[in-house]
Each structure stands twice: as structure tokens, then as C-alpha cells.
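Here's work_32.txt, which has compact mmCIF, C-alpha atoms:
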# COMPACT_ATOMS: atom_id res chain seq x y z
CA MET A 16 -293.61 -110.57 76.68
CA THR A 17 -296.41 -109.03 74.69
CA SER A 18 -298.23 -110.68 71.83
CA HIS A 19 -295.94 -108.68 69.54
CA ASP A 20 -293.01 -110.84 70.51
CA HIS A 21 -294.08 -114.02 68.76
CA PRO A 22 -292.98 -113.80 65.17
CA HIS A 23 -293.00 -117.59 64.86
CA ASP A 24 -296.28 -118.20 66.60
CA HIS A 25 -298.65 -119.37 63.90
CA ASP A 26 -301.72 -119.54 66.12
CA HIS A 27 -302.57 -115.92 65.50
CA SER A 28 -303.57 -114.29 62.26
CA GLU A 29 -301.26 -112.66 59.78
CA LEU A 30 -302.01 -109.89 57.34
CA SER A 31 -299.63 -108.88 54.58
CA GLU A 32 -298.28 -105.33 54.43
CA THR A 33 -300.62 -104.46 51.57
CA ASP A 34 -303.61 -106.02 53.38
CA LEU A 35 -302.82 -103.83 56.40
CA ARG A 36 -302.69 -100.67 54.31
CA VAL A 37 -305.90 -101.50 52.45
CA ARG A 38 -307.68 -102.25 55.71
CA ALA A 39 -306.41 -98.97 57.20
CA LEU A 40 -307.87 -97.06 54.25
CA GLU A 41 -311.15 -98.97 54.42
CA SER A 42 -311.70 -98.38 58.11
CA ILE A 43 -310.85 -94.67 57.95
CA LEU A 44 -313.04 -94.10 54.90
CA THR A 45 -315.90 -96.01 56.53
CA GLU A 46 -315.62 -93.93 59.71
CA LYS A 47 -315.61 -90.74 57.67
CA GLY A 48 -318.71 -91.82 55.79
CA TYR A 49 -317.03 -92.16 52.40
CA LEU A 50 -317.53 -95.88 52.24
CA ASP A 51 -320.26 -98.41 52.83
CA PRO A 52 -318.46 -101.72 53.46
CA ALA A 53 -321.46 -103.73 52.24
CA ALA A 54 -321.50 -101.82 48.94
CA LEU A 55 -317.76 -102.33 48.58
CA ASP A 56 -318.17 -106.08 49.16
CA LEU A 57 -320.88 -106.19 46.51
CA LEU A 58 -318.65 -104.48 43.99
CA ILE A 59 -315.73 -106.77 44.79
CA GLU A 60 -317.98 -109.81 44.54
CA THR A 61 -318.56 -108.98 40.88
CA TYR A 62 -314.85 -109.78 40.41
CA GLU A 63 -315.04 -113.09 42.25
CA THR A 64 -313.97 -114.98 39.16
CA LYS A 65 -311.33 -112.44 38.17
CA VAL A 66 -308.79 -112.89 40.95
CA GLY A 67 -305.94 -115.32 40.72
CA PRO A 68 -305.03 -117.74 37.96
CA ARG A 69 -307.85 -120.17 38.88
CA ASN A 70 -305.99 -123.27 37.92
CA GLY A 71 -307.93 -125.32 40.46
CA ALA A 72 -310.20 -126.63 37.70
CA ARG A 73 -307.15 -127.65 35.65
CA VAL A 74 -305.74 -129.50 38.65
CA VAL A 75 -308.97 -131.42 39.14
CA ALA A 76 -309.38 -132.26 35.45
CA ARG A 77 -305.78 -133.52 35.27
CA ALA A 78 -306.36 -135.73 38.32
CA TRP A 79 -309.49 -137.18 36.68
CA THR A 80 -307.64 -138.12 33.51
CA ASP A 81 -304.13 -138.99 34.68
CA PRO A 82 -303.90 -141.69 37.38
CA ALA A 83 -300.20 -140.95 38.08
CA TYR A 84 -300.96 -137.25 38.57
CA HIS A 85 -303.92 -138.21 40.75
CA ALA A 86 -301.60 -140.19 43.01
CA ARG A 87 -299.01 -137.40 43.21
CA LEU A 88 -301.73 -134.84 43.94
CA LEU A 89 -303.08 -136.74 46.92
CA LYS A 90 -299.59 -137.50 48.23
CA ASP A 91 -298.19 -133.98 47.93
CA GLY A 92 -300.72 -131.41 46.78
CA THR A 93 -298.32 -128.46 46.87
CA SER A 94 -295.80 -130.07 44.48
CA ALA A 95 -298.42 -131.53 42.14
CA ILE A 96 -300.16 -128.16 41.83
CA ALA A 97 -296.79 -126.48 41.24
CA GLU A 98 -296.29 -128.83 38.26
CA LEU A 99 -299.12 -126.96 36.53
CA GLY A 100 -297.38 -123.66 37.05
CA TYR A 101 -298.75 -122.58 40.38
CA ALA A 102 -296.31 -121.84 43.20
CA GLY A 103 -297.61 -120.54 46.51
CA ARG A 104 -296.60 -116.98 47.20
CA GLN A 105 -296.41 -117.40 50.95
CA GLY A 106 -295.18 -120.97 50.97
CA GLU A 107 -298.48 -122.30 52.20
CA HIS A 108 -299.09 -125.99 51.92
CA ILE A 109 -302.07 -127.25 49.96
CA GLN A 110 -303.59 -130.55 50.90
CA VAL A 111 -306.00 -132.14 48.45
CA VAL A 112 -308.87 -134.10 49.96
CA GLU A 113 -310.75 -136.50 47.69
CA ASN A 114 -314.48 -137.04 47.60
CA THR A 115 -315.60 -140.66 47.34
CA PRO A 116 -319.02 -142.32 47.48
CA SER A 117 -318.43 -142.86 51.19
CA GLN A 118 -316.87 -139.49 52.11
CA HIS A 119 -317.64 -135.91 51.11
CA ASN A 120 -315.22 -133.14 52.10
CA MET A 121 -315.95 -129.49 52.90
CA VAL A 122 -313.50 -126.68 53.63
CA VAL A 123 -313.93 -123.79 56.02
CA CYS A 124 -312.01 -120.77 57.25
CA THR A 125 -313.32 -117.32 58.00
CA LEU A 126 -310.30 -115.45 56.71
CA CYS A 127 -309.59 -114.77 53.10
CA SER A 128 -305.90 -115.06 53.94
CA CYS A 129 -306.55 -118.74 54.58
CA TYR A 130 -308.33 -119.40 51.34
CA PRO A 131 -306.31 -121.04 48.56
CA TRP A 132 -307.06 -118.08 46.29
CA PRO A 133 -304.17 -118.63 43.91
CA VAL A 134 -305.96 -121.84 42.86
CA LEU A 135 -309.56 -120.88 43.53
CA GLY A 136 -309.77 -117.15 42.89
CA LEU A 137 -311.44 -114.70 45.25
CA PRO A 138 -313.25 -116.22 48.21
CA PRO A 139 -317.01 -115.76 47.97
CA VAL A 140 -318.54 -113.46 50.58
CA TRP A 141 -320.47 -116.27 52.24
CA TYR A 142 -317.25 -118.24 52.80
CA LYS A 143 -315.98 -115.50 55.10
CA SER A 144 -319.28 -115.11 56.95
CA ALA A 145 -319.63 -116.18 60.56
CA PRO A 146 -322.92 -118.07 59.92
CA TYR A 147 -321.26 -120.28 57.28
CA ARG A 148 -318.33 -121.05 59.50
CA SER A 149 -320.31 -121.92 62.60
CA LYS A 150 -322.99 -123.85 60.74
CA VAL A 151 -320.65 -125.89 58.57
CA VAL A 152 -318.94 -127.26 61.66
CA LYS A 153 -322.19 -128.13 63.47
CA ASP A 154 -324.40 -129.08 60.56
CA PRO A 155 -322.48 -129.67 57.32
CA ARG A 156 -325.38 -131.58 55.77
CA GLY A 157 -327.65 -128.61 56.47
CA VAL A 158 -325.17 -126.23 54.80
CA LEU A 159 -325.05 -128.49 51.74
CA GLY A 160 -328.85 -128.36 51.72
CA ASP A 161 -328.68 -124.54 51.79
CA PHE A 162 -326.60 -124.79 48.62
CA GLY A 163 -329.19 -127.10 47.08
CA CYS A 164 -327.02 -130.23 47.33
CA GLU A 165 -328.08 -133.54 48.74
CA LEU A 166 -325.91 -136.50 49.63
CA PRO A 167 -326.98 -140.04 50.42
CA GLU A 168 -327.35 -140.63 54.19
CA THR A 169 -324.59 -143.23 53.89
CA THR A 170 -322.02 -140.63 52.76
CA ASN A 171 -319.95 -139.39 55.65
CA ILE A 172 -319.16 -135.64 55.63
CA ARG A 173 -315.80 -134.39 56.85
CA VAL A 174 -315.12 -130.69 57.46
CA TRP A 175 -311.54 -129.44 57.08
CA ASP A 176 -310.67 -126.28 58.98
CA SER A 177 -307.89 -124.38 57.23
CA THR A 178 -304.92 -123.36 59.32
CA ALA A 179 -302.28 -120.73 58.75
CA GLU A 180 -300.04 -123.40 57.17
CA ILE A 181 -302.49 -125.67 55.41
CA ARG A 182 -305.10 -124.79 52.83
CA TYR A 183 -307.41 -127.48 51.52
CA LEU A 184 -308.65 -128.17 48.04
CA VAL A 185 -311.48 -130.64 47.50
CA LEU A 186 -311.09 -133.10 44.64
CA PRO A 187 -314.69 -133.73 43.59
CA MET A 188 -315.91 -136.94 42.00
CA ARG A 189 -315.84 -137.05 38.22
CA PRO A 190 -319.40 -136.85 36.87
CA ALA A 191 -320.78 -139.92 35.13
CA GLY A 192 -321.15 -139.77 31.37
CA THR A 193 -317.81 -138.05 30.76
CA GLU A 194 -315.87 -141.07 29.57
CA GLY A 195 -313.29 -140.15 26.97
CA TRP A 196 -313.60 -136.39 27.56
CA SER A 197 -310.54 -134.19 27.12
CA GLU A 198 -308.96 -132.49 30.10
CA GLU A 199 -310.04 -129.07 28.79
CA ARG A 200 -313.65 -130.13 28.46
CA LEU A 201 -313.64 -131.75 31.89
CA ALA A 202 -312.23 -128.57 33.46
CA GLU A 203 -315.36 -126.74 32.34
CA LEU A 204 -317.39 -128.96 34.67
CA VAL A 205 -315.36 -128.03 37.73
CA THR A 206 -316.95 -125.20 39.71
CA ARG A 207 -315.37 -123.22 42.49
CA ASP A 208 -317.96 -124.48 44.96
CA SER A 209 -317.18 -128.10 44.05
CA MET A 210 -313.56 -127.45 45.12
CA ILE A 211 -314.71 -125.96 48.45
CA GLY A 212 -317.12 -128.84 48.94
CA THR A 213 -320.29 -126.76 48.99
CA GLY A 214 -321.31 -128.00 45.57
CA PHE A 215 -320.82 -130.67 42.95
CA PRO A 216 -319.26 -130.40 39.50
CA LYS A 217 -321.64 -129.56 36.68
CA GLN A 218 -323.30 -132.41 34.85
CA PRO A 219 -322.35 -132.97 31.19
CA ARG A 220 -325.77 -131.70 30.04
CA GLU A 221 -325.15 -128.35 31.78
CA ILE A 222 -322.37 -127.25 29.45
CA PRO A 223 -322.64 -126.56 25.74
CA MET I 19 -326.03 -93.89 44.20
CA PRO I 20 -325.10 -97.56 44.12
CA THR I 21 -321.59 -98.54 43.19
CA ASN I 22 -321.90 -101.20 40.55
CA ALA I 23 -320.01 -103.05 37.91
CA GLU I 24 -321.08 -100.54 35.29
CA THR I 25 -319.34 -97.63 36.99
CA ALA I 26 -316.34 -99.87 37.53
CA GLN I 27 -316.33 -100.58 33.81
CA LYS I 28 -316.18 -96.83 33.19
CA ALA I 29 -313.12 -96.70 35.43
CA VAL I 30 -311.47 -99.36 33.29
CA GLN I 31 -312.18 -97.27 30.19
CA ALA I 32 -310.93 -94.08 31.83
CA VAL I 33 -307.73 -95.55 33.26
CA ARG I 34 -306.30 -97.42 30.30
CA SER I 35 -303.37 -98.96 32.14
CA ILE I 36 -305.56 -101.20 34.37
CA PRO I 37 -304.66 -104.88 33.81
CA LYS I 38 -307.72 -106.47 32.17
CA ASP I 39 -309.09 -109.16 29.91
CA ALA I 40 -312.12 -109.12 27.62
CA ASP I 41 -314.56 -109.00 30.54
CA GLY I 42 -312.89 -106.40 32.72
CA PRO I 43 -310.14 -105.92 35.25
CA VAL I 44 -308.11 -108.86 36.54
CA PHE I 45 -306.32 -109.07 39.87
CA ASN I 46 -303.42 -111.05 41.26
CA ALA I 47 -304.71 -111.03 44.83
CA PRO I 48 -307.84 -110.12 46.78
CA TRP I 49 -306.31 -106.89 48.15
CA GLU I 50 -305.84 -105.62 44.60
CA ALA I 51 -309.58 -105.97 43.97
CA HIS I 52 -310.18 -104.03 47.19
CA ALA I 53 -307.81 -101.25 46.15
CA PHE I 54 -309.52 -101.04 42.76
CA ALA I 55 -313.00 -100.92 44.32
CA LEU I 56 -311.88 -98.22 46.77
CA ALA I 57 -310.81 -95.93 43.94
CA VAL I 58 -314.08 -96.57 42.08
CA THR I 59 -316.06 -95.74 45.23
CA LEU I 60 -314.10 -92.56 46.00
CA HIS I 61 -314.46 -91.42 42.41
CA GLU I 62 -318.22 -91.92 42.71
CA ARG I 63 -318.19 -89.82 45.85
CA GLY I 64 -316.65 -87.06 43.79
CA LEU I 65 -313.26 -87.08 45.51
CA PHE I 66 -311.41 -87.05 42.19
CA THR I 67 -312.02 -87.28 38.46
CA TRP I 68 -310.51 -90.12 36.42
CA PRO I 69 -308.18 -87.75 34.53
CA GLU I 70 -306.97 -86.48 37.91
CA TRP I 71 -306.49 -90.05 39.09
CA THR I 72 -304.60 -91.01 35.94
CA VAL I 73 -302.17 -88.14 36.40
CA ALA I 74 -301.56 -89.00 40.06
CA LEU I 75 -301.11 -92.71 39.26
CA GLY I 76 -298.79 -91.87 36.37
CA GLU I 77 -296.62 -89.78 38.68
CA GLU I 78 -296.50 -92.60 41.21
CA ILE I 79 -295.48 -95.13 38.55
CA ALA I 80 -292.83 -92.75 37.13
CA ARG I 81 -291.44 -92.27 40.63
CA ALA I 82 -291.28 -96.01 41.19
CA GLN I 83 -289.60 -96.59 37.81
CA ALA I 84 -287.01 -93.96 38.64
CA ALA I 85 -286.37 -95.85 41.88
CA GLY I 86 -285.79 -99.11 39.97
CA ASP I 87 -289.26 -100.67 39.73
CA PRO I 88 -289.24 -103.02 36.69
CA ASP I 89 -292.90 -102.10 35.98
CA THR I 90 -293.82 -105.54 34.67
CA GLY I 91 -297.38 -105.38 35.94
CA GLU I 92 -296.76 -107.28 39.16
CA THR I 93 -296.42 -104.04 41.06
CA TYR I 94 -299.21 -102.13 39.32
CA TYR I 95 -301.59 -102.20 42.29
CA LEU I 96 -298.82 -101.28 44.71
CA HIS I 97 -298.62 -97.97 42.85
CA TRP I 98 -302.40 -97.81 42.79
CA LEU I 99 -302.50 -98.22 46.58
CA ALA I 100 -299.81 -95.57 47.11
CA THR I 101 -301.80 -93.21 44.87
CA LEU I 102 -304.94 -93.80 46.93
CA GLU I 103 -303.05 -93.02 50.14
CA LYS I 104 -301.57 -89.85 48.72
CA LEU I 105 -304.83 -88.59 47.24
CA VAL I 106 -306.94 -89.10 50.37
CA ALA I 107 -304.28 -87.21 52.35
CA ALA I 108 -303.99 -84.46 49.71
CA LYS I 109 -307.79 -84.03 49.69
CA GLY I 110 -307.82 -83.69 53.46
CA VAL I 111 -309.91 -86.81 54.05
CA THR I 112 -307.24 -88.09 56.42
CA SER I 113 -303.53 -87.68 57.04
CA THR I 114 -300.51 -89.87 56.41
CA GLU I 115 -300.08 -90.13 60.20
CA THR I 116 -303.63 -91.44 60.64
CA LEU I 117 -303.09 -93.97 57.85
CA HIS I 118 -299.98 -95.24 59.64
CA ARG I 119 -301.79 -95.37 62.97
CA TYR I 120 -304.60 -97.47 61.49
CA ARG I 121 -302.13 -99.70 59.65
CA ASP I 122 -300.34 -100.43 62.95
CA ALA I 123 -303.67 -100.96 64.72
CA TRP I 124 -304.68 -103.57 62.13
CA ASP I 125 -301.31 -105.26 62.60
CA HIS I 126 -301.96 -105.37 66.33
CA ALA I 127 -305.49 -106.70 65.76
CA ALA I 128 -304.16 -109.50 63.54
CA ASP I 129 -301.57 -110.43 66.16
CA ARG I 130 -304.09 -110.85 68.96
CA THR I 131 -306.71 -112.62 66.84
CA PRO I 132 -306.56 -116.41 67.03
CA HIS I 133 -306.45 -118.12 63.69
CA GLY I 134 -309.87 -118.65 62.18
CA LYS I 135 -311.59 -115.75 63.94
CA PRO I 136 -312.48 -112.67 61.90
CA ILE I 137 -309.98 -109.87 62.50
CA GLU I 138 -311.73 -106.81 63.90
CA LEU I 139 -310.36 -103.46 64.95
CA ARG I 140 -310.88 -102.55 68.63
CA PRO I 141 -309.97 -99.41 70.57
CA GLU I 142 -307.21 -101.31 72.41
CA ASP I 143 -305.42 -101.87 69.09
CA PHE I 144 -304.63 -98.15 69.00
CA ALA I 145 -303.36 -98.05 72.59
CA SER I 146 -300.25 -100.16 72.11
CA GLY I 147 -298.05 -97.69 70.24
CA ILE I 148 -295.00 -99.97 70.69
CA ALA I 149 -292.92 -100.57 67.63
Target encoding C-alpha cells, full file:
Amino acid sequence: MTSHDHPHDHDHSELSETDLRVRALESILTEKGYLDPAALDLLIETYETKVGPRNGARVVARAWTDPAYHARLLKDGTSAIAELGYAGRQGEHIQVVENTPSQHNMVVCTLCSCYPWPVLGLPPVWYKSAPYRSKVVKDPRGVLGDFGCELPETTNIRVWDSTAEIRYLVLPMRPAGTEGWSEERLAELVTRDSMIGTGFPKQPREIP
Amino acid sequence: MPTNAETAQKAVQAVRSIPKDADGPVFNAPWEAHAFALAVTLHERGLFTWPEWTVALGEEIARAQAAGDPDTGETYYLHWLATLEKLVAAKGVTSTETLHRYRDAWDHAADRTPHGKPIELRPEDFASGIA
């Protein structure tokens, strides 16, 4: 038995056919000196917000305004997100983890294939970096500090490591001072980082 | 000669079929953004002009349509990727065989990499050669 003989073994990584072909091109072109991977990453990063439907913010805003949706979302994230028109392409399961005054959640995974990009868009470069991954597990509070976020000492921090089958989406706490806001307006407060757990939603004064 | 968003914007103007919104190109998946950025980078390196690219891409799309592709936009970057592969081979940068060998090596690398570790290509990934 070689490692090739485990089509149902989900412990190892999977790349789609197109990912394989793109990676083949990238490694050949890098070896031949046509490509600087760092420059390519920089260019791609400019499209961070342009990949995927980004309905994560809509999901969060709906959960903030609709208690029944909130309950469905926490019970079965995949189905509740599908209600808003998103269906996972690879059948991956999305679990929603809710921030509360006593618990803050953060998500980690080094591979972009394990990032819920259909809801969150393109993973930021730092999310895939080894320093983020290793530090967030050992020192999540320190990582939050690196992002300029502080939590009370009494708030417990839980780190969720994505697996091949489960992707996590953080449901941040609704900012104070947004009583009576529409779902659309609330969605503007929801940042990508707040759904990874490395940031908080914007405050009402930060949007026009 | 830094590759930047400005040169990418020129690509969007030159290749009118690129799916876009008011701010620029949009992608359905991360690999599509990679494929787009690869073409922008190779164009900057002088490997092809945008008119040349447009012709090659147009041929690829016509071929796919003839073979039954509905051409609804979902498959746009598949044609883009196929065009990239054909052009780099036609320009002698690499060969179709080498592309296949590297594709298989990446498949092997993914298979032996435990979940959560970055997938990296190693010499042993080329040794396996088993289908």
C-alpha cells in the first residue's frame, strides 16, 4: 500500500485538479526565473476582496437581527448559510462559533483549501503563514494584540483548527449602539477579520 | 519592474471578456485569481502581448464551445488556464510533458502532506511515477 491508495483518507491534503495545474505552472515558472512568488502573492492580495460571493457578512447580520435564524445557524451552519444562497462546492461543512462576553473564537488553518472562501473571500496572506498558525495556537491573545485587538482578561479564547471536513466561521458580537439598524447597514460593520476572529466588527462611528 | 494592480487593470482593459465589476476583475475561486495573476506577470515579462493573448484565449473558448461548453462564465478561467498552458509550451518556456510531471508531483505532495501543513514540492514527489 502506498499513500496513493487512500482515496477516503481525509487526514492528508487535497488539491483540486485546477489547483494542481496552477501550482505546476507556478513552480515551473519560478524555477525558470519568470516568476517571483512573493510578487505574485502581492498582486493576488490586491484581489483579496474580489474572490467569492462574500456572503459571510450577510450571514452575520441576519443572525444579529433574526433570533430564529441565529438558532438555526448555530445548530446547522451549512444549511443556514445555504438558505442565503450559498451552497458549498465541495460539500464541506461549516460550523459557526459564536463570540460571547466570556468566550472569543479564532480560526486557523494553513491551507487556503481549508478556508471557507465561498463565504469569506480570498484568504489573506498572513492566514496561510506558518508564524500565524503556530503563534495562534500557543498565544492567541498575543496574536490578537498583533492585530491591535484587546480582550478583557476574563474572556476565554478558543482556537478552532479547520479540518478537511469542517470549516469554521466566527459569529462576532453585535456592536453596541446599533439598535434598530437594518440588516444591510449591520452587514457593513462585519469585517472579514471579525469572522476569522482576528478582529472585531467596526463600530457604528466608523461607517458613513 | 514590479507587478502591480495598475498593470493588472491594463490587462482587464485589453482583454474585454474578463469577468469584472466596477473595481476590477472578480473571481469564483482563489485559483482563478492565481491564473489571472500568472498571465499578467508573463505579459509583463514580455512573453506575449495582450492582442496575442486574446486571440489564443478566443481560440480556446471557441474550441470548448464546439465541444459543448455552455460558456456561461463558470468555465471562463478553465479556458484561461488552458491558454496559459498552451502558450508557455508554444513559447518554449516548458513542455506539456513537464507540466504534466509537475501536476502529478503536486498531487503526490498533497497526498503525503498531513492536513494543516503547508504543501511543498520535494524531489521525492517526482520519483513516484505510478499512476
Between chain I and chain A, at 8 Å or less, what are the per-residue closest atom pairs and their distances in Å? Count all atoms listed in the file, order by chain and rising residue number, and return it as a Markdown table.
| residue | atom | partner | partner_atom | distance |
| --- | --- | --- | --- | --- |
| I:Pro20 | CA | A:Ala54 | CA | 7.4 |
| I:Thr21 | CA | A:Ala54 | CA | 6.6 |
| I:Asn22 | CA | A:Leu58 | CA | 5.8 |
| I:Ala23 | CA | A:Leu58 | CA | 6.4 |
| I:Pro43 | CA | A:Lys65 | CA | 7.2 |
| I:Val44 | CA | A:Lys65 | CA | 5.1 |
| I:Phe45 | CA | A:Val66 | CA | 4.7 |
| I:Asn46 | CA | A:Gly67 | CA | 5.0 |
| I:Ala47 | CA | A:Val66 | CA | 5.9 |
| I:Pro48 | CA | A:Leu137 | CA | 6.0 |
| I:Trp49 | CA | A:Asp34 | CA | 5.9 |
| I:Ala51 | CA | A:Ile59 | CA | 6.3 |
| I:His52 | CA | A:Ile59 | CA | 6.6 |
| I:Ala53 | CA | A:Val37 | CA | 6.6 |
| I:Ala55 | CA | A:Ile59 | CA | 6.5 |
| I:Leu56 | CA | A:Leu55 | CA | 7.4 |
| I:Thr59 | CA | A:Leu50 | CA | 7.2 |
| I:Leu60 | CA | A:Tyr49 | CA | 7.1 |
| I:Arg63 | CA | A:Tyr49 | CA | 7.1 |
| I:Leu96 | CA | A:Thr33 | CA | 7.8 |
| I:Leu99 | CA | A:Val37 | CA | 7.5 |
| I:Glu103 | CA | A:Leu40 | CA | 7.5 |
| I:Val111 | CA | A:Lys47 | CA | 7.8 |
| I:Thr112 | CA | A:Ile43 | CA | 7.7 |
| I:Leu117 | CA | A:Ala39 | CA | 6.0 |
| I:His118 | CA | A:Ala39 | CA | 7.8 |
| I:Tyr120 | CA | A:Ala39 | CA | 4.9 |
| I:Arg121 | CA | A:Ala39 | CA | 5.0 |
| I:Asp122 | CA | A:Leu35 | CA | 7.8 |
| I:Trp124 | CA | A:Leu35 | CA | 6.0 |
| I:Asp125 | CA | A:Leu35 | CA | 6.5 |
| I:His126 | CA | A:His19 | CA | 7.6 |
| I:Ala128 | CA | A:Ser28 | CA | 5.0 |
| I:Asp129 | CA | A:His27 | CA | 5.6 |
| I:Arg130 | CA | A:His27 | CA | 6.3 |
| I:Thr131 | CA | A:His27 | CA | 5.5 |
| I:Pro132 | CA | A:His27 | CA | 4.3 |
| I:His133 | CA | A:His27 | CA | 4.8 |
| I:Gly134 | CA | A:Thr125 | CA | 5.6 |
| I:Lys135 | CA | A:Thr125 | CA | 6.4 |
| I:Pro136 | CA | A:Thr125 | CA | 6.1 |
| I:Ile137 | CA | A:Ser28 | CA | 7.8 |
Please put the answer as JSON: centre and edge lengths, in Å with one decimal, of a box along x, y and z that encloses all listed atoms of segment 75-85 of chain I plus 3 Å on each side.
{"center_x": -293.7, "center_y": -93.2, "center_z": 39.1, "size_x": 20.7, "size_y": 12.8, "size_z": 11.5}
> Near Leu204 of chain A, counting all atoms listed in the file, which residues have an atom at most 10 Å away, once you skip same-chain residues fewer than 3 positions from it, shown as a ChimeraX atom specification?
Replying inline: /A:72,75-76,189-190,193,199-201,207,209,215-222
Residues within 12 Å of Thr67 of chain I, all atoms listed in the file, excluding chain neighbours under 2 positions, as an mmCIF file with C-alpha atoms, in the coordinates of the input:
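Output below, filename result.cif:
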data_model
loop_
_atom_site.group_PDB
_atom_site.id
_atom_site.type_symbol
_atom_site.label_atom_id
_atom_site.label_comp_id
_atom_site.auth_asym_id
_atom_site.auth_seq_id
_atom_site.Cartn_x
_atom_site.Cartn_y
_atom_site.Cartn_z
ATOM 1 C CA LYS I 28 -316.180 -96.830 33.190
ATOM 2 C CA ALA I 29 -313.120 -96.700 35.430
ATOM 3 C CA ALA I 32 -310.930 -94.080 31.830
ATOM 4 C CA VAL I 33 -307.730 -95.550 33.260
ATOM 5 C CA ALA I 57 -310.810 -95.930 43.940
ATOM 6 C CA VAL I 58 -314.080 -96.570 42.080
ATOM 7 C CA THR I 59 -316.060 -95.740 45.230
ATOM 8 C CA LEU I 60 -314.100 -92.560 46.000
ATOM 9 C CA HIS I 61 -314.460 -91.420 42.410
ATOM 10 C CA GLU I 62 -318.220 -91.920 42.710
ATOM 11 C CA ARG I 63 -318.190 -89.820 45.850
ATOM 12 C CA GLY I 64 -316.650 -87.060 43.790
ATOM 13 C CA LEU I 65 -313.260 -87.080 45.510
ATOM 14 C CA PRO I 69 -308.180 -87.750 34.530
ATOM 15 C CA GLU I 70 -306.970 -86.480 37.910
ATOM 16 C CA TRP I 71 -306.490 -90.050 39.090
ATOM 17 C CA THR I 72 -304.600 -91.010 35.940
ATOM 18 C CA VAL I 73 -302.170 -88.140 36.400
ATOM 19 C CA ALA I 74 -301.560 -89.000 40.060
ATOM 20 C CA LEU I 105 -304.830 -88.590 47.240
#
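Atom CA of Leu184 of chain A is found 17.8 Å from atom CA of Asp81 of chain A.
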>> What's the separation between atom CA of Thr213 of chain A and atom CA of Phe54 of chain I, in Å to one decimal place?
In response: 28.6 Å
Near-segment 89-95 of chain I list (8 Å; all atoms listed in the file; drop same-chain fewer than 2 positions) as a JSON list (two decimals) with C-alpha atoms, in the frame of the given file:
[["chain", "number", "residue", "atom", "x", "y", "z"],
["I", 37, "PRO", "CA", -304.66, -104.88, 33.81],
["I", 46, "ASN", "CA", -303.42, -111.05, 41.26],
["I", 50, "GLU", "CA", -305.84, -105.62, 44.60],
["I", 53, "ALA", "CA", -307.81, -101.25, 46.15],
["I", 79, "ILE", "CA", -295.48, -95.13, 38.55],
["I", 83, "GLN", "CA", -289.60, -96.59, 37.81],
["I", 87, "ASP", "CA", -289.26, -100.67, 39.73],
["I", 97, "HIS", "CA", -298.62, -97.97, 42.85],
["I", 98, "TRP", "CA", -302.40, -97.81, 42.79],
["I", 99, "LEU", "CA", -302.50, -98.22, 46.58]]
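Near Glu142 of chain I, within 10 Å and counting all atoms listed in the file, sit I:Ala123, I:His126, I:Ala127, I:Leu139, I:Arg140, I:Phe144, I:Ala145, I:Ser146, not including residues fewer than 2 positions from it in the same chain.
Shortest separation to Leu159 of chain A among A:Gln110, A:Tyr147, A:Glu203, A:Lys90 occurs at residue A:Tyr147, atoms counted being only C-alpha atoms.
The space between atom CA of Ala86 of chain A and atom CA of Thr169 of chain A spans 25.6 Å.
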> Need the neighbours of (-301.6, -95.7, 34.2): which residues are at most 7 Å away, counting all atoms listed in the file, as a list of chain:residue names?
Replying inline: I:Val33, I:Arg34, I:Ser35, I:Ile36, I:Thr72, I:Leu75, I:Gly76
> Quick one: residues within 12 Å of segment 98-100 of chain A, only C-alpha atoms counted, chain neighbours fewer than 4 positions away excluded, as JSON, numbers by chain?
Replying inline: {"A": [68, 69, 70, 71, 72, 73, 74, 75, 76, 77, 78, 84, 87, 88, 91, 92, 93, 94, 133, 134]}
